[in-house]
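Structure data (PDB, C-alpha atoms and all ligand atoms) from final-v5.pdb:
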ATOM      1  CA  MET A  17      50.321 237.426  73.857  1.00  0.00           C
ATOM      2  CA  SER A  18      49.285 237.701  77.489  1.00  0.00           C
ATOM      3  CA  GLU A  19      50.894 235.483  80.078  1.00  0.00           C
ATOM      4  CA  PRO A  20      49.835 234.905  83.671  1.00  0.00           C
ATOM      5  CA  ASN A  21      51.683 236.975  86.259  1.00  0.00           C
ATOM      6  CA  ASN A  22      51.835 236.750  90.032  1.00  0.00           C
ATOM      7  CA  ASN A  23      48.853 238.915  90.952  1.00  0.00           C
ATOM      8  CA  MET A  24      46.492 238.890  87.995  1.00  0.00           C
ATOM      9  CA  VAL A  25      44.121 236.274  86.654  1.00  0.00           C
ATOM     10  CA  ALA A  26      45.313 235.093  83.237  1.00  0.00           C
ATOM     11  CA  GLN A  27      43.225 236.420  80.366  1.00  0.00           C
ATOM     12  CA  PRO A  28      43.441 236.974  76.617  1.00  0.00           C
ATOM     13  CA  HIS A  29      45.507 239.891  75.320  1.00  0.00           C
ATOM     14  CA  PRO A  30      43.425 243.073  75.831  1.00  0.00           C
ATOM     15  CA  ASP A  31      43.413 243.802  72.074  1.00  0.00           C
ATOM     16  CA  CYS A  32      41.942 240.380  71.273  1.00  0.00           C
ATOM     17  CA  GLU A  33      38.314 239.869  70.264  1.00  0.00           C
ATOM     18  CA  LEU A  34      36.320 236.692  70.707  1.00  0.00           C
ATOM     19  CA  ALA A  35      36.009 235.425  67.133  1.00  0.00           C
ATOM     20  CA  LEU A  36      34.714 231.870  67.631  1.00  0.00           C
ATOM     21  CA  GLN A  37      33.398 229.729  70.470  1.00  0.00           C
ATOM     22  CA  THR A  38      32.559 226.029  70.352  1.00  0.00           C
ATOM     23  CA  LEU A  39      32.416 222.845  72.415  1.00  0.00           C
ATOM     24  CA  ALA A  40      35.076 220.099  72.355  1.00  0.00           C
ATOM     25  CA  MET A  41      33.212 216.893  71.445  1.00  0.00           C
ATOM     26  CA  PRO A  42      34.156 213.196  71.800  1.00  0.00           C
ATOM     27  CA  LYS A  43      34.428 212.822  67.990  1.00  0.00           C
ATOM     28  CA  ASP A  44      37.334 215.305  68.025  1.00  0.00           C
ATOM     29  CA  THR A  45      39.617 213.264  70.288  1.00  0.00           C
ATOM     30  CA  SER A  46      43.049 211.831  69.518  1.00  0.00           C
ATOM     31  CA  ALA A  47      44.238 208.322  70.425  1.00  0.00           C
ATOM     32  CA  ASN A  48      45.162 209.716  73.864  1.00  0.00           C
ATOM     33  CA  GLY A  49      41.573 210.645  74.642  1.00  0.00           C
ATOM     34  CA  ASP A  50      42.232 214.385  74.637  1.00  0.00           C
ATOM     35  CA  ILE A  51      41.229 216.725  71.823  1.00  0.00           C
ATOM     36  CA  PHE A  52      43.120 216.249  68.541  1.00  0.00           C
ATOM     37  CA  GLY A  53      45.524 219.087  67.709  1.00  0.00           C
ATOM     38  CA  GLY A  54      44.417 219.164  64.070  1.00  0.00           C
ATOM     39  CA  TRP A  55      40.852 219.931  65.146  1.00  0.00           C
ATOM     40  CA  LEU A  56      42.099 222.788  67.314  1.00  0.00           C
ATOM     41  CA  VAL A  57      44.148 224.220  64.424  1.00  0.00           C
ATOM     42  CA  SER A  58      41.077 224.133  62.197  1.00  0.00           C
ATOM     43  CA  GLN A  59      39.096 226.104  64.825  1.00  0.00           C
ATOM     44  CA  MET A  60      41.953 228.630  64.967  1.00  0.00           C
ATOM     45  CA  ASP A  61      41.938 228.901  61.168  1.00  0.00           C
ATOM     46  CA  LEU A  62      38.159 229.468  61.182  1.00  0.00           C
ATOM     47  CA  ALA A  63      38.453 232.134  63.888  1.00  0.00           C
ATOM     48  CA  ALA A  64      41.241 233.950  62.053  1.00  0.00           C
ATOM     49  CA  GLY A  65      39.176 233.643  58.857  1.00  0.00           C
ATOM     50  CA  ILE A  66      36.256 235.393  60.553  1.00  0.00           C
ATOM     51  CA  MET A  67      38.521 238.258  61.601  1.00  0.00           C
ATOM     52  CA  SER A  68      40.147 238.331  58.159  1.00  0.00           C
ATOM     53  CA  LYS A  69      36.715 238.722  56.574  1.00  0.00           C
ATOM     54  CA  GLN A  70      36.073 241.805  58.719  1.00  0.00           C
ATOM     55  CA  ILE A  71      39.431 243.302  57.743  1.00  0.00           C
ATOM     56  CA  THR A  72      39.533 242.399  54.056  1.00  0.00           C
ATOM     57  CA  LEU A  73      35.804 243.044  53.488  1.00  0.00           C
ATOM     58  CA  GLY A  74      35.434 240.074  51.178  1.00  0.00           C
ATOM     59  CA  ARG A  75      37.003 236.771  50.236  1.00  0.00           C
ATOM     60  CA  SER A  76      40.337 235.795  51.740  1.00  0.00           C
ATOM     61  CA  VAL A  77      42.379 232.615  52.083  1.00  0.00           C
ATOM     62  CA  THR A  78      44.923 231.262  54.527  1.00  0.00           C
ATOM     63  CA  VAL A  79      48.329 231.569  52.897  1.00  0.00           C
ATOM     64  CA  ALA A  80      50.440 230.534  55.902  1.00  0.00           C
ATOM     65  CA  ILE A  81      50.279 229.313  59.456  1.00  0.00           C
ATOM     66  CA  GLU A  82      53.463 230.848  60.781  1.00  0.00           C
ATOM     67  CA  THR A  83      53.351 229.305  64.261  1.00  0.00           C
ATOM     68  CA  VAL A  84      51.106 227.135  66.369  1.00  0.00           C
ATOM     69  CA  THR A  85      51.972 226.182  69.922  1.00  0.00           C
ATOM     70  CA  PHE A  86      49.946 223.740  71.989  1.00  0.00           C
ATOM     71  CA  LEU A  87      50.347 224.726  75.630  1.00  0.00           C
ATOM     72  CA  LYS A  88      47.930 222.424  77.470  1.00  0.00           C
ATOM     73  CA  PRO A  89      45.765 219.404  76.568  1.00  0.00           C
ATOM     74  CA  VAL A  90      42.067 220.082  75.909  1.00  0.00           C
ATOM     75  CA  SER A  91      39.433 217.822  77.480  1.00  0.00           C
ATOM     76  CA  VAL A  92      36.143 216.678  75.982  1.00  0.00           C
ATOM     77  CA  GLY A  93      33.357 218.978  77.182  1.00  0.00           C
ATOM     78  CA  ALA A  94      35.531 222.081  77.383  1.00  0.00           C
ATOM     79  CA  THR A  95      34.234 225.346  75.958  1.00  0.00           C
ATOM     80  CA  VAL A  96      36.825 226.403  73.389  1.00  0.00           C
ATOM     81  CA  SER A  97      37.147 230.137  72.742  1.00  0.00           C
ATOM     82  CA  CYS A  98      39.360 231.581  70.005  1.00  0.00           C
ATOM     83  CA  TYR A  99      40.438 235.200  70.497  1.00  0.00           C
ATOM     84  CA  CYS A 100      42.011 237.120  67.619  1.00  0.00           C
ATOM     85  CA  ARG A 101      43.823 240.371  66.967  1.00  0.00           C
ATOM     86  CA  VAL A 102      45.547 241.881  63.962  1.00  0.00           C
ATOM     87  CA  LEU A 103      49.324 241.828  64.309  1.00  0.00           C
ATOM     88  CA  LYS A 104      50.268 243.252  60.906  1.00  0.00           C
ATOM     89  CA  ARG A 105      48.457 244.575  57.853  1.00  0.00           C
ATOM     90  CA  GLY A 106      50.158 244.452  54.469  1.00  0.00           C
ATOM     91  CA  ARG A 107      48.976 245.393  50.971  1.00  0.00           C
ATOM     92  CA  SER A 108      46.876 242.251  50.498  1.00  0.00           C
ATOM     93  CA  SER A 109      47.817 240.197  53.570  1.00  0.00           C
ATOM     94  CA  VAL A 110      46.981 240.326  57.239  1.00  0.00           C
ATOM     95  CA  HIS A 111      48.772 238.550  60.105  1.00  0.00           C
ATOM     96  CA  ILE A 112      46.325 237.445  62.799  1.00  0.00           C
ATOM     97  CA  ASP A 113      47.310 236.362  66.282  1.00  0.00           C
ATOM     98  CA  VAL A 114      45.021 233.640  67.655  1.00  0.00           C
ATOM     99  CA  GLU A 115      44.831 232.660  71.313  1.00  0.00           C
ATOM    100  CA  VAL A 116      42.770 229.638  72.370  1.00  0.00           C
ATOM    101  CA  TRP A 117      41.360 229.529  75.865  1.00  0.00           C
ATOM    102  CA  THR A 118      39.237 226.766  77.366  1.00  0.00           C
ATOM    103  CA  SER A 119      36.872 226.543  80.267  1.00  0.00           C
ATOM    104  CA  MET A 120      35.251 223.508  81.873  1.00  0.00           C
ATOM    105  CA  ARG A 121      32.661 225.479  83.845  1.00  0.00           C
ATOM    106  CA  THR A 122      32.494 229.254  83.864  1.00  0.00           C
ATOM    107  CA  ILE A 123      34.377 232.155  82.336  1.00  0.00           C
ATOM    108  CA  GLY A 124      36.384 232.398  85.577  1.00  0.00           C
ATOM    109  CA  ASP A 125      38.303 229.160  85.065  1.00  0.00           C
ATOM    110  CA  ILE A 126      39.757 229.879  81.632  1.00  0.00           C
ATOM    111  CA  VAL A 127      43.107 228.369  80.655  1.00  0.00           C
ATOM    112  CA  LYS A 128      45.241 229.281  77.642  1.00  0.00           C
ATOM    113  CA  VAL A 129      45.754 226.086  75.655  1.00  0.00           C
ATOM    114  CA  ALA A 130      47.181 227.197  72.306  1.00  0.00           C
ATOM    115  CA  ALA A 131      48.428 230.191  70.337  1.00  0.00           C
ATOM    116  CA  GLY A 132      49.367 230.849  66.746  1.00  0.00           C
ATOM    117  CA  VAL A 133      49.842 233.328  63.940  1.00  0.00           C
ATOM    118  CA  PHE A 134      47.767 232.884  60.787  1.00  0.00           C
ATOM    119  CA  VAL A 135      48.313 234.853  57.579  1.00  0.00           C
ATOM    120  CA  PHE A 136      45.384 235.571  55.267  1.00  0.00           C
ATOM    121  CA  VAL A 137      45.422 237.116  51.785  1.00  0.00           C
ATOM    122  CA  ALA A 138      42.501 239.049  50.347  1.00  0.00           C
ATOM    123  CA  ILE A 139      41.597 237.608  46.957  1.00  0.00           C
ATOM    124  CA  ALA A 140      39.580 238.829  44.000  1.00  0.00           C
ATOM    125  CA  GLU A 141      37.203 236.762  41.872  1.00  0.00           C
ATOM    126  CA  GLN A 142      39.943 234.929  39.989  1.00  0.00           C
ATOM    127  CA  GLY A 143      41.724 233.973  43.209  1.00  0.00           C
ATOM    128  CA  LYS A 144      44.441 236.608  42.716  1.00  0.00           C
ATOM    129  CA  PRO A 145      45.553 238.847  45.607  1.00  0.00           C
ATOM    130  CA  ARG A 146      43.726 242.168  45.877  1.00  0.00           C
ATOM    131  CA  PRO A 147      44.543 245.196  48.049  1.00  0.00           C
ATOM    132  CA  ILE A 148      42.862 245.314  51.457  1.00  0.00           C
ATOM    133  CA  PRO A 149      40.515 248.333  51.555  1.00  0.00           C
ATOM    134  CA  GLU A 150      41.634 251.195  53.825  1.00  0.00           C
TER     135      GLU A 150
HETATM  136  C1  LIG B   1      47.177 233.192  48.660  1.00  0.00           C
HETATM  137  C2  LIG B   1      47.586 233.266  47.187  1.00  0.00           C
HETATM  138  C3  LIG B   1      46.435 233.841  46.386  1.00  0.00           C
HETATM  139  C4  LIG B   1      48.777 234.233  47.140  1.00  0.00           C
HETATM  140  O1  LIG B   1      49.194 234.276  45.820  1.00  0.00           O
HETATM  141  P1  LIG B   1      50.691 234.755  45.471  1.00  0.00           P
HETATM  142  O2  LIG B   1      50.830 234.770  44.013  1.00  0.00           O
HETATM  143  O3  LIG B   1      51.652 234.001  46.309  1.00  0.00           O
HETATM  144  O4  LIG B   1      50.636 236.250  45.978  1.00  0.00           O
HETATM  145  P2  LIG B   1      51.805 237.264  46.242  1.00  0.00           P
HETATM  146  O5  LIG B   1      53.159 236.673  46.073  1.00  0.00           O
HETATM  147  O6  LIG B   1      51.447 238.477  45.419  1.00  0.00           O
HETATM  148  O7  LIG B   1      51.613 237.605  47.792  1.00  0.00           O
HETATM  149  C5  LIG B   1      50.417 238.183  48.244  1.00  0.00           C
HETATM  150  C6  LIG B   1      50.600 238.503  49.704  1.00  0.00           C
HETATM  151  O8  LIG B   1      50.720 237.294  50.439  1.00  0.00           O
HETATM  152  C7  LIG B   1      51.896 237.318  51.229  1.00  0.00           C
HETATM  153  N1  LIG B   1      52.418 235.963  51.279  1.00  0.00           N
HETATM  154  C8  LIG B   1      52.590 235.114  50.242  1.00  0.00           C
HETATM  155  N2  LIG B   1      53.091 233.945  50.690  1.00  0.00           N
HETATM  156  C9  LIG B   1      53.243 234.086  52.024  1.00  0.00           C
HETATM  157  C10 LIG B   1      53.723 233.225  53.046  1.00  0.00           C
HETATM  158  N3  LIG B   1      54.161 232.004  52.791  1.00  0.00           N
HETATM  159  N4  LIG B   1      53.740 233.682  54.305  1.00  0.00           N
HETATM  160  C11 LIG B   1      53.286 234.937  54.615  1.00  0.00           C
HETATM  161  N5  LIG B   1      52.813 235.797  53.679  1.00  0.00           N
HETATM  162  C12 LIG B   1      52.805 235.367  52.411  1.00  0.00           C
HETATM  163  C13 LIG B   1      52.830 238.270  50.495  1.00  0.00           C
HETATM  164  O9  LIG B   1      53.817 238.793  51.363  1.00  0.00           O
HETATM  165  C14 LIG B   1      51.858 239.321  50.022  1.00  0.00           C
HETATM  166  O10 LIG B   1      51.528 240.185  51.084  1.00  0.00           O
HETATM  167  P3  LIG B   1      51.264 241.786  50.863  1.00  0.00           P
HETATM  168  O11 LIG B   1      50.393 241.951  49.647  1.00  0.00           O
HETATM  169  O12 LIG B   1      50.549 242.232  52.099  1.00  0.00           O
HETATM  170  O13 LIG B   1      52.598 242.429  50.694  1.00  0.00           O
HETATM  171  C15 LIG B   1      48.005 231.880  46.608  1.00  0.00           C
HETATM  172  O14 LIG B   1      49.244 231.493  47.160  1.00  0.00           O
HETATM  173  C16 LIG B   1      46.958 230.824  46.885  1.00  0.00           C
HETATM  174  O15 LIG B   1      45.893 230.799  46.269  1.00  0.00           O
HETATM  175  N6  LIG B   1      47.246 229.896  47.838  1.00  0.00           N
HETATM  176  C17 LIG B   1      46.289 228.886  48.259  1.00  0.00           C
HETATM  177  C18 LIG B   1      45.453 229.427  49.408  1.00  0.00           C
HETATM  178  C19 LIG B   1      44.478 228.396  49.918  1.00  0.00           C
HETATM  179  O16 LIG B   1      43.870 227.685  49.152  1.00  0.00           O
HETATM  180  N7  LIG B   1      44.339 228.345  51.237  1.00  0.00           N
HETATM  181  C20 LIG B   1      43.503 227.405  51.889  1.00  0.00           C
HETATM  182  C21 LIG B   1      44.312 226.303  52.441  1.00  0.00           C
HETATM  183  S1  LIG B   1      43.739 224.776  51.911  1.00  0.00           S
END

If you convert what's in this file into structure tokens, what do you get?
Amino acid sequence: MSEPNNNMVAQPHPDCELALQTLAMPKDTSANGDIFGGWLVSQMDLAAGIMSKQITLGRSVTVAIETVTFLKPVSVGATVSCYCRVLKRGRSSVHIDVEVWTSMRTIGDIVKVAAGVFVFVAIAEQGKPRPIPE
């Protein structure tokens, strides 16, 4: 995962693709007034699911959320962008790294707010694991 350094503007890992972009709405707030972490995790799961679909070429399900770290609070009105990349491909499973970046105005003011690793399994009709196509 990319981290800010002294001279460069922070940005998603170069291998990441934008998988999902949405707007943080007032209905998604916690008791503190900032965006609820559970909502953010569900956006991350959706984003990883979109990438999983491209990799597994069919149905897949989340089997595990290995890590999720919330780095900064998210404000109502922020554009929320989920960037994904494949970390590991198994026989039927794929580990997907998800980075969440937010912006209040333009693409230039993006801040990394969360990161996590989601594991998806390709499934066949009966819900049983199937091999991921080459
Ligand atoms: C996903 C599911 C089909 C896997 O079935 P299973 O019988 O455990 O499958 P297997 O033991 O053969 O494992 C299949 C793959 O998943 C991986 N896997 C299983 N459990 C895992 C876990 N907890 N963490 C990471 N990977 C896991 C295995 O390593 C294997 O990977 P590989 O084929 O690349 O080597 C089954 O657990 C399931 O249906 N779970 C519910 C999924 C769901 O509904 N998700 C939505 C959340 S509400």

Check your understanding: Distance atom C17 of ligand LIG 1 (chain B)-CA of Gly65 (chain A), one decimal place?
Key -> 13.6 Å

List as a PDB file with C-alpha atoms, in the coordinates of the input the protein and nucleic acid residues lying within 10 Å of ligand LIG 1 (chain B), with all atoms listed in the file counted.
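Written output follows (part.pdb):
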ATOM      1  CA  ASP A  61      41.938 228.901  61.168  1.00  0.00           C
ATOM      2  CA  SER A  76      40.337 235.795  51.740  1.00  0.00           C
ATOM      3  CA  VAL A  77      42.379 232.615  52.083  1.00  0.00           C
ATOM      4  CA  THR A  78      44.923 231.262  54.527  1.00  0.00           C
ATOM      5  CA  VAL A  79      48.329 231.569  52.897  1.00  0.00           C
ATOM      6  CA  ALA A  80      50.440 230.534  55.902  1.00  0.00           C
ATOM      7  CA  ILE A  81      50.279 229.313  59.456  1.00  0.00           C
ATOM      8  CA  GLU A  82      53.463 230.848  60.781  1.00  0.00           C
ATOM      9  CA  LYS A 104      50.268 243.252  60.906  1.00  0.00           C
ATOM     10  CA  ARG A 105      48.457 244.575  57.853  1.00  0.00           C
ATOM     11  CA  GLY A 106      50.158 244.452  54.469  1.00  0.00           C
ATOM     12  CA  ARG A 107      48.976 245.393  50.971  1.00  0.00           C
ATOM     13  CA  SER A 108      46.876 242.251  50.498  1.00  0.00           C
ATOM     14  CA  SER A 109      47.817 240.197  53.570  1.00  0.00           C
ATOM     15  CA  VAL A 110      46.981 240.326  57.239  1.00  0.00           C
ATOM     16  CA  HIS A 111      48.772 238.550  60.105  1.00  0.00           C
ATOM     17  CA  PHE A 134      47.767 232.884  60.787  1.00  0.00           C
ATOM     18  CA  VAL A 135      48.313 234.853  57.579  1.00  0.00           C
ATOM     19  CA  PHE A 136      45.384 235.571  55.267  1.00  0.00           C
ATOM     20  CA  VAL A 137      45.422 237.116  51.785  1.00  0.00           C
ATOM     21  CA  ALA A 138      42.501 239.049  50.347  1.00  0.00           C
ATOM     22  CA  ILE A 139      41.597 237.608  46.957  1.00  0.00           C
ATOM     23  CA  ALA A 140      39.580 238.829  44.000  1.00  0.00           C
ATOM     24  CA  GLN A 142      39.943 234.929  39.989  1.00  0.00           C
ATOM     25  CA  GLY A 143      41.724 233.973  43.209  1.00  0.00           C
ATOM     26  CA  LYS A 144      44.441 236.608  42.716  1.00  0.00           C
ATOM     27  CA  PRO A 145      45.553 238.847  45.607  1.00  0.00           C
ATOM     28  CA  ARG A 146      43.726 242.168  45.877  1.00  0.00           C
ATOM     29  CA  PRO A 147      44.543 245.196  48.049  1.00  0.00           C
ATOM     30  CA  ILE A 148      42.862 245.314  51.457  1.00  0.00           C
TER      31      ILE A 148
END

Determine, for each residue of region 35-89 of chain A having at least one atom at most 10 Å from an atom of region 96-100 of chain A, the closest pair of atoms and their separation in Å to one decimal, counting only C-alpha atoms; order by chain and ascending number, as a Markdown table.
| residue | atom | partner | partner_atom | distance |
| --- | --- | --- | --- | --- |
| A:Ala35 | CA | A:Tyr99 | CA | 5.6 |
| A:Leu36 | CA | A:Cys98 | CA | 5.2 |
| A:Gln37 | CA | A:Ser97 | CA | 4.4 |
| A:Thr38 | CA | A:Val96 | CA | 5.2 |
| A:Leu39 | CA | A:Val96 | CA | 5.7 |
| A:Ala40 | CA | A:Val96 | CA | 6.6 |
| A:Leu56 | CA | A:Val96 | CA | 8.8 |
| A:Gln59 | CA | A:Cys98 | CA | 7.5 |
| A:Met60 | CA | A:Cys98 | CA | 6.4 |
| A:Asp61 | CA | A:Cys98 | CA | 9.6 |
| A:Leu62 | CA | A:Cys98 | CA | 9.2 |
| A:Ala63 | CA | A:Cys98 | CA | 6.2 |
| A:Ala64 | CA | A:Cys100 | CA | 6.5 |
| A:Gly65 | CA | A:Cys100 | CA | 9.8 |
| A:Ile66 | CA | A:Cys100 | CA | 9.3 |
| A:Met67 | CA | A:Cys100 | CA | 7.0 |
| A:Ser68 | CA | A:Cys100 | CA | 9.7 |

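As for CA of Asp50 (chain A) and CA of Asp113 (chain A), they are spaced 24.1 Å apart.
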
Local residues around (44.9, 228.8, 69.7), at most 6 Å away, using all atoms listed in the file, as an mmCIF file with C-alpha atoms, in the frame of the given file:
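Below is the file out17.cif, written as the result:
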data_model
loop_
_atom_site.group_PDB
_atom_site.id
_atom_site.type_symbol
_atom_site.label_atom_id
_atom_site.label_comp_id
_atom_site.auth_asym_id
_atom_site.auth_seq_id
_atom_site.Cartn_x
_atom_site.Cartn_y
_atom_site.Cartn_z
ATOM 1 C CA MET A 60 41.953 228.630 64.967
ATOM 2 C CA VAL A 114 45.021 233.640 67.655
ATOM 3 C CA GLU A 115 44.831 232.660 71.313
ATOM 4 C CA VAL A 116 42.770 229.638 72.370
ATOM 5 C CA ALA A 130 47.181 227.197 72.306
ATOM 6 C CA ALA A 131 48.428 230.191 70.337
ATOM 7 C CA GLY A 132 49.367 230.849 66.746
#

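Proximity of A:Met41, A:Val133, A:Val90, A:Cys32 to Ile112 (chain A), computed with only C-alpha atoms, is greatest for A:Val133.
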
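Taking CA of Met120 (chain A) as the reference point, CA of Ala26 (chain A) is found at 15.4 Å.
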
Review point. Restricting the calculation to only C-alpha atoms, which member of A:Gly54, A:Pro30, A:Gly49, A:Pro149 is positioned closest to Leu73 (chain A)?
Key: A:Pro149

Contact residues around Ile126 (chain A) with all atoms listed in the file at 10 Å, ignoring same-chain residues under 3 positions, as a PDB file with C-alpha atoms, in the frame of the given file:
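Okay, selection-v6.pdb is ready:
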ATOM      1  CA  VAL A  25      44.121 236.274  86.654  1.00  0.00           C
ATOM      2  CA  ALA A  26      45.313 235.093  83.237  1.00  0.00           C
ATOM      3  CA  GLN A  27      43.225 236.420  80.366  1.00  0.00           C
ATOM      4  CA  PRO A  28      43.441 236.974  76.617  1.00  0.00           C
ATOM      5  CA  ALA A  94      35.531 222.081  77.383  1.00  0.00           C
ATOM      6  CA  THR A  95      34.234 225.346  75.958  1.00  0.00           C
ATOM      7  CA  VAL A  96      36.825 226.403  73.389  1.00  0.00           C
ATOM      8  CA  SER A  97      37.147 230.137  72.742  1.00  0.00           C
ATOM      9  CA  VAL A 116      42.770 229.638  72.370  1.00  0.00           C
ATOM     10  CA  TRP A 117      41.360 229.529  75.865  1.00  0.00           C
ATOM     11  CA  THR A 118      39.237 226.766  77.366  1.00  0.00           C
ATOM     12  CA  SER A 119      36.872 226.543  80.267  1.00  0.00           C
ATOM     13  CA  MET A 120      35.251 223.508  81.873  1.00  0.00           C
ATOM     14  CA  ARG A 121      32.661 225.479  83.845  1.00  0.00           C
ATOM     15  CA  THR A 122      32.494 229.254  83.864  1.00  0.00           C
ATOM     16  CA  ILE A 123      34.377 232.155  82.336  1.00  0.00           C
ATOM     17  CA  VAL A 129      45.754 226.086  75.655  1.00  0.00           C
TER      18      VAL A 129
END

Revision key, fill the gap. Using all atoms listed in the file, the residue out of A:Lys69, A:Lys43, A:His29, A:Arg75 with shortest distance to Glu141 (chain A) is A:Arg75

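With distances taken over all atoms listed in the file, A:Ser91 is the one residue among A:Thr83, A:Ser91, A:Asn48, A:Thr72 lying closest to Val127 (chain A).
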